[in-house]
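Trainee: Pasting protein_39.txt below, which is compact mmCIF, C-alpha atoms and all ligand atoms.
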# COMPACT_ATOMS: atom_id res chain seq x y z
CA MET K 1 157.31 131.95 53.24
CA PRO K 2 156.80 130.13 49.95
CA LYS K 3 155.49 126.60 50.45
CA GLU K 4 158.18 124.87 48.41
CA GLN K 5 160.94 126.29 50.57
CA ALA K 6 159.32 125.19 53.81
CA LYS K 7 159.36 121.55 52.68
CA ARG K 8 163.12 121.32 52.43
CA THR K 9 165.30 120.88 55.49
CA LYS K 10 167.92 123.57 55.97
CA LEU K 11 171.50 122.38 56.10
CA VAL K 12 174.47 124.30 57.52
CA ILE K 13 177.83 122.63 56.97
CA GLY K 14 181.18 123.88 58.17
CA ASN K 15 184.20 123.51 55.92
CA TRP K 16 187.21 123.87 58.17
CA LYS K 17 189.65 123.69 55.26
CA MET K 18 193.22 123.10 56.48
CA HIS K 19 192.64 124.57 59.92
CA GLY K 20 192.54 123.12 63.40
CA ARG K 21 194.64 121.08 65.79
CA LEU K 22 193.56 118.50 68.34
CA VAL K 23 193.19 120.80 71.33
CA GLU K 24 191.27 123.61 69.62
CA ASN K 25 189.18 121.12 67.64
CA ALA K 26 187.93 119.56 70.85
CA VAL K 27 186.55 122.87 72.08
CA LEU K 28 184.92 123.61 68.74
CA LEU K 29 183.45 120.13 68.29
CA GLN K 30 181.99 120.12 71.78
CA ALA K 31 180.37 123.50 71.13
CA VAL K 32 178.94 122.26 67.82
CA ALA K 33 177.54 119.15 69.50
CA ALA K 34 175.91 121.26 72.20
CA GLY K 35 174.62 123.79 69.65
CA ALA K 36 173.14 121.10 67.43
CA ALA K 37 171.04 119.91 70.34
CA THR K 38 169.29 123.27 70.45
CA LEU K 39 168.26 123.23 66.78
CA GLN K 40 164.81 122.17 65.74
CA LYS K 41 163.94 119.47 63.26
CA GLY K 42 164.02 121.68 60.18
CA VAL K 43 167.77 122.33 60.44
CA ARG K 44 170.68 119.91 60.21
CA THR K 45 174.28 120.78 60.80
CA GLY K 46 177.69 119.21 60.38
CA VAL K 47 181.38 119.93 59.93
CA CYS K 48 183.81 118.76 57.26
CA VAL K 49 187.16 118.35 58.98
CA PRO K 50 190.67 117.56 57.72
CA ALA K 51 190.83 113.76 57.27
CA PRO K 52 193.25 113.11 60.19
CA TYR K 53 190.62 114.50 62.56
CA LEU K 54 187.78 112.25 61.45
CA ALA K 55 188.26 109.99 64.45
CA GLN K 56 188.15 113.00 66.75
CA ALA K 57 184.97 114.24 65.09
CA GLN K 58 183.47 110.78 65.46
CA ALA K 59 184.43 110.65 69.14
CA LEU K 60 183.09 114.09 69.99
CA LEU K 61 180.08 114.37 67.67
CA GLY K 62 179.00 110.72 67.76
CA GLY K 63 175.65 110.51 69.48
CA SER K 64 175.00 114.24 68.92
CA LEU K 65 172.72 115.72 66.27
CA ALA K 66 175.71 117.10 64.33
CA ALA K 67 177.17 115.16 61.41
CA TRP K 68 180.75 115.20 60.12
CA GLY K 69 182.55 114.62 56.89
CA VAL K 70 185.63 115.20 54.77
CA GLN K 71 186.60 117.96 52.35
CA ASP K 72 187.65 115.75 49.46
CA ILE K 73 187.92 112.07 48.58
CA SER K 74 189.81 110.06 46.03
CA ALA K 75 188.27 109.17 42.70
CA HIS K 76 189.62 105.65 43.32
CA VAL K 77 188.21 102.96 45.58
CA GLN K 78 191.62 101.77 46.79
CA GLY K 79 195.10 101.07 45.49
CA ALA K 80 198.51 102.62 44.92
CA TYR K 81 197.46 106.27 45.24
CA THR K 82 199.86 107.70 47.78
CA GLY K 83 198.38 110.35 49.98
CA GLU K 84 194.78 109.85 48.92
CA VAL K 85 191.82 109.12 51.18
CA ALA K 86 189.11 106.80 49.87
CA ALA K 87 185.42 107.47 50.46
CA GLY K 88 185.15 104.12 52.23
CA MET K 89 187.86 105.19 54.69
CA ALA K 90 185.88 108.28 55.64
CA ALA K 91 182.77 106.12 55.95
CA ASP K 92 184.67 103.84 58.37
CA PHE K 93 184.84 106.83 60.71
CA GLY K 94 181.14 107.54 60.53
CA ALA K 95 181.36 110.39 58.02
CA THR K 96 178.11 111.53 56.43
CA PHE K 97 179.42 114.11 53.97
CA ALA K 98 182.23 114.47 51.44
CA VAL K 99 182.79 117.84 49.78
CA VAL K 100 183.73 117.33 46.13
CA GLY K 101 184.80 119.89 43.56
CA HIS K 102 185.53 122.73 45.97
CA SER K 103 186.93 125.63 43.97
CA GLU K 104 190.21 125.41 45.89
CA ARG K 105 190.58 121.80 44.67
CA ARG K 106 189.63 122.84 41.15
CA ALA K 107 192.11 125.76 41.17
CA TYR K 108 195.10 124.34 43.10
CA HIS K 109 194.81 120.65 42.19
CA CYS K 110 193.57 120.97 38.62
CA GLU K 111 190.37 119.07 39.34
CA HIS K 112 188.03 119.18 36.37
CA SER K 113 184.33 118.48 36.37
CA ASP K 114 184.61 114.92 35.06
CA LEU K 115 186.90 114.01 37.97
CA VAL K 116 184.52 115.73 40.38
CA ALA K 117 181.70 113.62 38.94
CA VAL K 118 183.62 110.39 39.62
CA LYS K 119 184.30 111.56 43.16
CA ALA K 120 180.59 112.21 43.67
CA LEU K 121 179.86 108.68 42.48
CA ARG K 122 182.53 107.20 44.78
CA ALA K 123 181.03 109.06 47.72
CA LEU K 124 177.57 107.68 47.00
CA GLU K 125 178.91 104.16 46.54
CA ALA K 126 180.45 104.38 50.01
CA GLY K 127 177.22 105.67 51.53
CA LEU K 128 178.41 109.27 51.84
CA THR K 129 176.51 112.34 50.70
CA PRO K 130 178.61 114.31 48.23
CA ILE K 131 178.42 118.08 48.56
CA VAL K 132 179.06 119.06 44.97
CA CYS K 133 180.53 122.56 44.73
CA VAL K 134 180.08 124.76 41.70
CA GLY K 135 180.92 128.40 41.16
CA GLU K 136 182.22 131.00 38.76
CA THR K 137 185.24 133.29 38.97
CA LEU K 138 184.85 137.07 38.94
CA GLU K 139 186.05 137.17 35.36
CA GLN K 140 183.42 134.63 34.34
CA ARG K 141 180.70 136.58 36.14
CA ASP K 142 181.83 139.82 34.53
CA ASN K 143 181.74 138.33 31.06
CA GLY K 144 178.25 136.96 31.60
CA SER K 145 179.08 133.25 31.67
CA THR K 146 178.03 132.42 35.25
CA GLU K 147 175.16 130.13 34.26
CA GLN K 148 177.13 128.44 31.56
CA VAL K 149 180.01 127.74 33.99
CA VAL K 150 177.96 126.43 36.91
CA GLY K 151 175.63 124.61 34.53
CA THR K 152 178.53 122.75 32.92
CA GLN K 153 180.02 121.89 36.32
CA LEU K 154 176.73 120.47 37.61
CA GLU K 155 175.89 118.71 34.36
CA ALA K 156 179.06 116.59 34.51
CA VAL K 157 177.91 115.22 37.86
CA LEU K 158 174.30 114.69 36.80
CA LEU K 159 175.45 112.77 33.73
CA MET K 160 177.51 110.42 35.90
CA LEU K 161 174.67 109.59 38.28
CA SER K 162 171.39 107.75 37.95
CA GLU K 163 168.26 109.72 38.81
CA GLU K 164 168.02 107.85 42.09
CA GLN K 165 171.65 108.62 42.96
CA ALA K 166 171.15 112.26 42.04
CA THR K 167 168.40 112.56 44.68
CA LYS K 168 171.07 111.89 47.30
CA ILE K 169 173.50 114.71 46.55
CA VAL K 170 173.82 118.18 48.01
CA VAL K 171 174.83 121.05 45.74
CA ALA K 172 176.77 124.08 46.97
CA TYR K 173 176.89 127.25 44.90
CA GLU K 174 180.08 129.04 45.86
CA PRO K 175 181.07 132.00 43.71
CA VAL K 176 184.88 131.90 43.71
CA TRP K 177 185.08 135.67 44.15
CA ALA K 178 183.08 135.45 47.38
CA ILE K 179 185.10 132.72 49.10
CA GLY K 180 187.20 133.98 51.97
CA THR K 181 187.04 137.52 50.63
CA GLY K 182 184.42 138.92 52.98
CA LYS K 183 182.48 139.82 49.83
CA SER K 184 179.33 137.70 49.77
CA ALA K 185 177.09 137.52 46.74
CA THR K 186 173.98 139.64 47.20
CA THR K 187 170.86 137.70 48.04
CA GLU K 188 169.52 138.47 44.55
CA GLN K 189 172.69 137.25 42.83
CA ALA K 190 172.71 134.06 44.88
CA GLN K 191 168.98 133.35 44.50
CA GLN K 192 169.20 133.82 40.74
CA VAL K 193 171.93 131.19 40.39
CA HIS K 194 170.21 128.86 42.86
CA ALA K 195 166.99 129.03 40.83
CA PHE K 196 168.99 128.22 37.71
CA LEU K 197 170.63 125.22 39.42
CA ARG K 198 167.27 124.07 40.78
CA ALA K 199 165.81 124.06 37.28
CA GLN K 200 168.77 122.05 36.06
CA LEU K 201 168.31 119.55 38.88
CA ALA K 202 164.60 119.31 38.04
CA SER K 203 165.47 118.36 34.49
CA LYS K 204 167.11 115.21 35.89
CA GLY K 205 163.90 114.22 37.68
CA ALA K 206 161.18 115.68 39.86
CA ALA K 207 162.68 114.31 43.09
CA VAL K 208 166.14 115.63 42.17
CA ALA K 209 164.73 119.17 42.19
CA ASN K 210 164.43 118.97 45.96
CA VAL K 211 168.06 118.24 46.80
CA PRO K 212 169.50 120.92 49.09
CA VAL K 213 171.26 123.73 47.25
CA LEU K 214 173.56 125.52 49.71
CA TYR K 215 175.19 128.90 49.31
CA GLY K 216 178.84 129.37 50.26
CA GLY K 217 181.11 132.39 50.18
CA SER K 218 181.61 134.75 53.12
CA VAL K 219 178.47 133.66 54.97
CA LYS K 220 178.45 135.35 58.38
CA PRO K 221 175.92 135.69 61.17
CA GLU K 222 175.08 139.13 59.75
CA ASN K 223 174.09 137.99 56.26
CA ALA K 224 172.98 134.38 56.83
CA GLU K 225 169.35 134.94 57.64
CA GLU K 226 168.65 137.02 54.56
CA LEU K 227 170.45 134.56 52.30
CA PHE K 228 168.69 131.54 53.82
CA ALA K 229 165.30 133.21 53.48
CA GLN K 230 165.57 133.03 49.69
CA GLN K 231 163.30 130.55 48.00
CA ASP K 232 166.04 128.34 46.57
CA ILE K 233 168.76 128.70 49.22
CA ASP K 234 168.58 125.71 51.53
CA GLY K 235 171.42 126.62 53.88
CA GLY K 236 175.13 127.23 53.67
CA LEU K 237 178.61 125.83 53.30
CA ILE K 238 180.58 127.88 55.78
CA GLY K 239 184.34 128.36 55.68
CA GLY K 240 185.95 130.99 57.91
CA ALA K 241 182.94 131.46 60.17
CA SER K 242 182.79 127.71 60.92
CA LEU K 243 186.02 128.02 62.90
CA LYS K 244 184.36 130.19 65.53
CA SER K 245 181.68 128.30 67.39
CA ASN K 246 179.63 131.39 68.23
CA ASP K 247 179.51 132.50 64.61
CA PHE K 248 178.84 129.02 63.28
CA LEU K 249 176.03 128.40 65.72
CA ALA K 250 174.56 131.84 65.03
CA ILE K 251 174.48 130.88 61.34
CA CYS K 252 172.74 127.59 62.24
CA GLN K 253 170.27 129.64 64.24
CA ALA K 254 169.68 131.91 61.24
CA ALA K 255 168.80 128.80 59.20
CA GLN K 256 166.35 127.87 61.87
CA ASN K 257 164.73 131.31 61.80
CA GLY K 258 164.28 130.84 58.07
CA SER K 259 162.80 127.37 58.43
CA VAL K 260 160.01 128.01 60.92
P1 LIG J 301 184.22 131.22 53.35
O1 LIG J 301 184.48 129.83 52.59
O2 LIG J 301 182.94 131.05 54.14
O3 LIG J 301 185.42 131.42 54.21
O4 LIG J 301 184.07 132.27 52.29
C1 LIG J 301 183.43 129.07 52.07
C2 LIG J 301 183.97 127.82 51.42
O5 LIG J 301 185.03 127.90 50.78
O6 LIG J 301 183.36 126.74 51.52
Take the structure from the file and write it as structure tokens.

Mentor:
Amino acid sequence: MPKEQAKRTKLVIGNWKMHGRLVENAVLLQAVAAGAATLQKGVRTGVCVPAPYLAQAQALLGGSLAAWGVQDISAHVQGAYTGEVAAGMAADFGATFAVVGHSERRAYHCEHSDLVAVKALRALEAGLTPIVCVGETLEQRDNGSTEQVVGTQLEAVLLMLSEEQATKIVVAYEPVWAIGTGKSATTEQAQQVHAFLRAQLASKGAAVANVPVLYGGSVKPENAEELFAQQDIDGGLIGGASLKSNDFLAICQAAQNGSV
């Protein structure tokens, strides 16, 4: 394994999206807590739950090696923003992570990169780690603009943050055409974009180059190990497969196989 890759911890984060209810969550969270205990030091795991279940995640994952977080936060600190959840509120419930700029937020809630950048800053200010999602549509890939699209999305965030703040983010490359479709990017396609993003991070500062860059989009137990073995793929952001504890934990295990 290349030396550079071995230095970085692998990270496998579940993104439950708008799934789960109290009873089924309890079973899943308990399995994740138990599974996290079997992972070695080189792998960290966590789940980003719907905001109403933060307290449940805190109760059932607190004291375990698994972290938890939210799938979005407000760009505001507090105020008259009906329905929004502030980063500080998630932090009150022990959250570690806040996904920002997921393609579903960008597509269905018109979130643009400048807003995503403010959300990343708000997360950091509240002591959360923003997981900054970038990714191109199939049309953009087909017309050759993948790097331009993901580069512009990441650049907005890097411009908003100091170098020191930028060392504290996580980036997730999620090609829109691979999310929930069962059609993952090939390892070569993913590695190529990850290397591009890594170079862009490096241009912000040497330490920024080592932030985790996760791959997301139809990661399954069957394809995880090969994806995570790539030089610039530091783990995954897992949607559908994070709802099944066996699959999610098998993906965590695959990260471990790639990290030892
Ligand atoms: P998927 O979703 O694993 O179901 O493709 C990934 C994501 O949207 O984060």

Trainee: Just the residues within 12 Å of stretch 57-60 of chain K, please, counting all atoms listed in the file, with nothing from its chain fewer than 4 positions along; format it as a PyMOL selection string.

Mentor: chain K and resi 20-22+25-34+46-53+64-70+90-96

Trainee: How would you write, as a PyMOL selection string, the set of residues no farther than 9 Å from ligand LIG 301 (chain J) when counting only C-alpha atoms and all ligand atoms?

Mentor: chain K and resi 13-17+102-104+133+172+174+176-184+215-220+236-242

Trainee: List the spatial neighbours of K:His76 as number ranges by chain - criterion: any atom at most 10 Å away, all atoms listed in the file, same-chain residues fewer than 4 positions off excluded.

Mentor: K: 80-81, 84-87, 118-119, 122

Trainee: Counting all atoms listed in the file, which of K:Leu243, K:Cys110, K:Ala185, K:Leu159 gets nearest to K:Ser203?

Mentor: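 The closest residue to K:Ser203 is K:Leu159.
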
Trainee: Between atom CA of K:Gly88 and atom CA of K:Ile131, measure the distance and give it in Å to one decimal.

Mentor: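 Interatomic distance here is 15.9 Å.
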
Trainee: Which of these, K:Gln148, K:Asn210, K:Gln256, K:Asn246, has the shortest distance to K:Gln40 once you count only C-alpha atoms?

Mentor: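 Nearest to K:Gln40: K:Gln256.
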
Trainee: With all atoms listed in the file as the atoms that count, which of K:Val211, K:Leu11, K:Ala224, K:Ala156 lies nearest to K:Ile251?

Mentor: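 Looking only at the distances to K:Ile251, the closest residue turns out to be K:Ala224.
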
Trainee: Give me stretch 120-140 of chain K with N, CA and C atoms filled in, as a PDB file, in the frame of the given file.

Mentor:
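Contents of result31.pdb, freshly written:
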ATOM      1  N   ALA K 120     181.966 112.216  43.152  1.00  0.00           N
ATOM      2  CA  ALA K 120     180.590 112.210  43.670  1.00  0.00           C
ATOM      3  C   ALA K 120     180.042 110.778  43.655  1.00  0.00           C
ATOM      4  N   LEU K 121     180.323 110.071  42.578  1.00  0.00           N
ATOM      5  CA  LEU K 121     179.860 108.680  42.480  1.00  0.00           C
ATOM      6  C   LEU K 121     180.513 107.804  43.550  1.00  0.00           C
ATOM      7  N   ARG K 122     181.818 107.987  43.755  1.00  0.00           N
ATOM      8  CA  ARG K 122     182.530 107.200  44.780  1.00  0.00           C
ATOM      9  C   ARG K 122     181.948 107.468  46.171  1.00  0.00           C
ATOM     10  N   ALA K 123     181.630 108.712  46.421  1.00  0.00           N
ATOM     11  CA  ALA K 123     181.030 109.060  47.720  1.00  0.00           C
ATOM     12  C   ALA K 123     179.727 108.297  47.898  1.00  0.00           C
ATOM     13  N   LEU K 124     178.879 108.345  46.902  1.00  0.00           N
ATOM     14  CA  LEU K 124     177.570 107.680  47.000  1.00  0.00           C
ATOM     15  C   LEU K 124     177.735 106.182  47.169  1.00  0.00           C
ATOM     16  N   GLU K 125     178.674 105.611  46.432  1.00  0.00           N
ATOM     17  CA  GLU K 125     178.910 104.160  46.540  1.00  0.00           C
ATOM     18  C   GLU K 125     179.319 103.762  47.955  1.00  0.00           C
ATOM     19  N   ALA K 126     179.992 104.684  48.649  1.00  0.00           N
ATOM     20  CA  ALA K 126     180.450 104.380  50.010  1.00  0.00           C
ATOM     21  C   ALA K 126     179.414 104.804  51.057  1.00  0.00           C
ATOM     22  N   GLY K 127     178.280 105.272  50.593  1.00  0.00           N
ATOM     23  CA  GLY K 127     177.220 105.670  51.530  1.00  0.00           C
ATOM     24  C   GLY K 127     177.368 107.084  52.063  1.00  0.00           C
ATOM     25  N   LEU K 128     178.245 107.868  51.423  1.00  0.00           N
ATOM     26  CA  LEU K 128     178.410 109.270  51.840  1.00  0.00           C
ATOM     27  C   LEU K 128     177.545 110.177  50.963  1.00  0.00           C
ATOM     28  N   THR K 129     177.220 111.323  51.479  1.00  0.00           N
ATOM     29  CA  THR K 129     176.510 112.340  50.700  1.00  0.00           C
ATOM     30  C   THR K 129     177.523 113.309  50.113  1.00  0.00           C
ATOM     31  N   PRO K 130     177.667 113.327  48.793  1.00  0.00           N
ATOM     32  CA  PRO K 130     178.610 114.310  48.230  1.00  0.00           C
ATOM     33  C   PRO K 130     178.012 115.710  48.248  1.00  0.00           C
ATOM     34  N   ILE K 131     178.812 116.665  48.669  1.00  0.00           N
ATOM     35  CA  ILE K 131     178.420 118.080  48.560  1.00  0.00           C
ATOM     36  C   ILE K 131     179.158 118.609  47.346  1.00  0.00           C
ATOM     37  N   VAL K 132     178.458 118.720  46.256  1.00  0.00           N
ATOM     38  CA  VAL K 132     179.060 119.060  44.970  1.00  0.00           C
ATOM     39  C   VAL K 132     179.129 120.581  44.840  1.00  0.00           C
ATOM     40  N   CYS K 133     180.366 121.106  44.796  1.00  0.00           N
ATOM     41  CA  CYS K 133     180.530 122.560  44.730  1.00  0.00           C
ATOM     42  C   CYS K 133     180.654 123.036  43.292  1.00  0.00           C
ATOM     43  N   VAL K 134     179.967 124.103  42.997  1.00  0.00           N
ATOM     44  CA  VAL K 134     180.080 124.760  41.700  1.00  0.00           C
ATOM     45  C   VAL K 134     180.215 126.262  41.935  1.00  0.00           C
ATOM     46  N   GLY K 135     180.807 126.949  40.988  1.00  0.00           N
ATOM     47  CA  GLY K 135     180.920 128.400  41.160  1.00  0.00           C
ATOM     48  C   GLY K 135     181.789 129.023  40.086  1.00  0.00           C
ATOM     49  N   GLU K 136     181.505 130.273  39.810  1.00  0.00           N
ATOM     50  CA  GLU K 136     182.220 131.000  38.760  1.00  0.00           C
ATOM     51  C   GLU K 136     183.252 131.951  39.348  1.00  0.00           C
ATOM     52  N   THR K 137     184.263 132.277  38.563  1.00  0.00           N
ATOM     53  CA  THR K 137     185.240 133.290  38.970  1.00  0.00           C
ATOM     54  C   THR K 137     184.647 134.687  38.683  1.00  0.00           C
ATOM     55  N   LEU K 138     185.318 135.697  39.182  1.00  0.00           N
ATOM     56  CA  LEU K 138     184.850 137.070  38.940  1.00  0.00           C
ATOM     57  C   LEU K 138     184.878 137.386  37.446  1.00  0.00           C
ATOM     58  N   GLU K 139     185.923 136.917  36.794  1.00  0.00           N
ATOM     59  CA  GLU K 139     186.050 137.170  35.360  1.00  0.00           C
ATOM     60  C   GLU K 139     184.877 136.540  34.605  1.00  0.00           C
ATOM     61  N   GLN K 140     184.538 135.315  35.001  1.00  0.00           N
ATOM     62  CA  GLN K 140     183.420 134.630  34.340  1.00  0.00           C
ATOM     63  C   GLN K 140     182.098 135.346  34.615  1.00  0.00           C
TER      64      GLN K 140
END
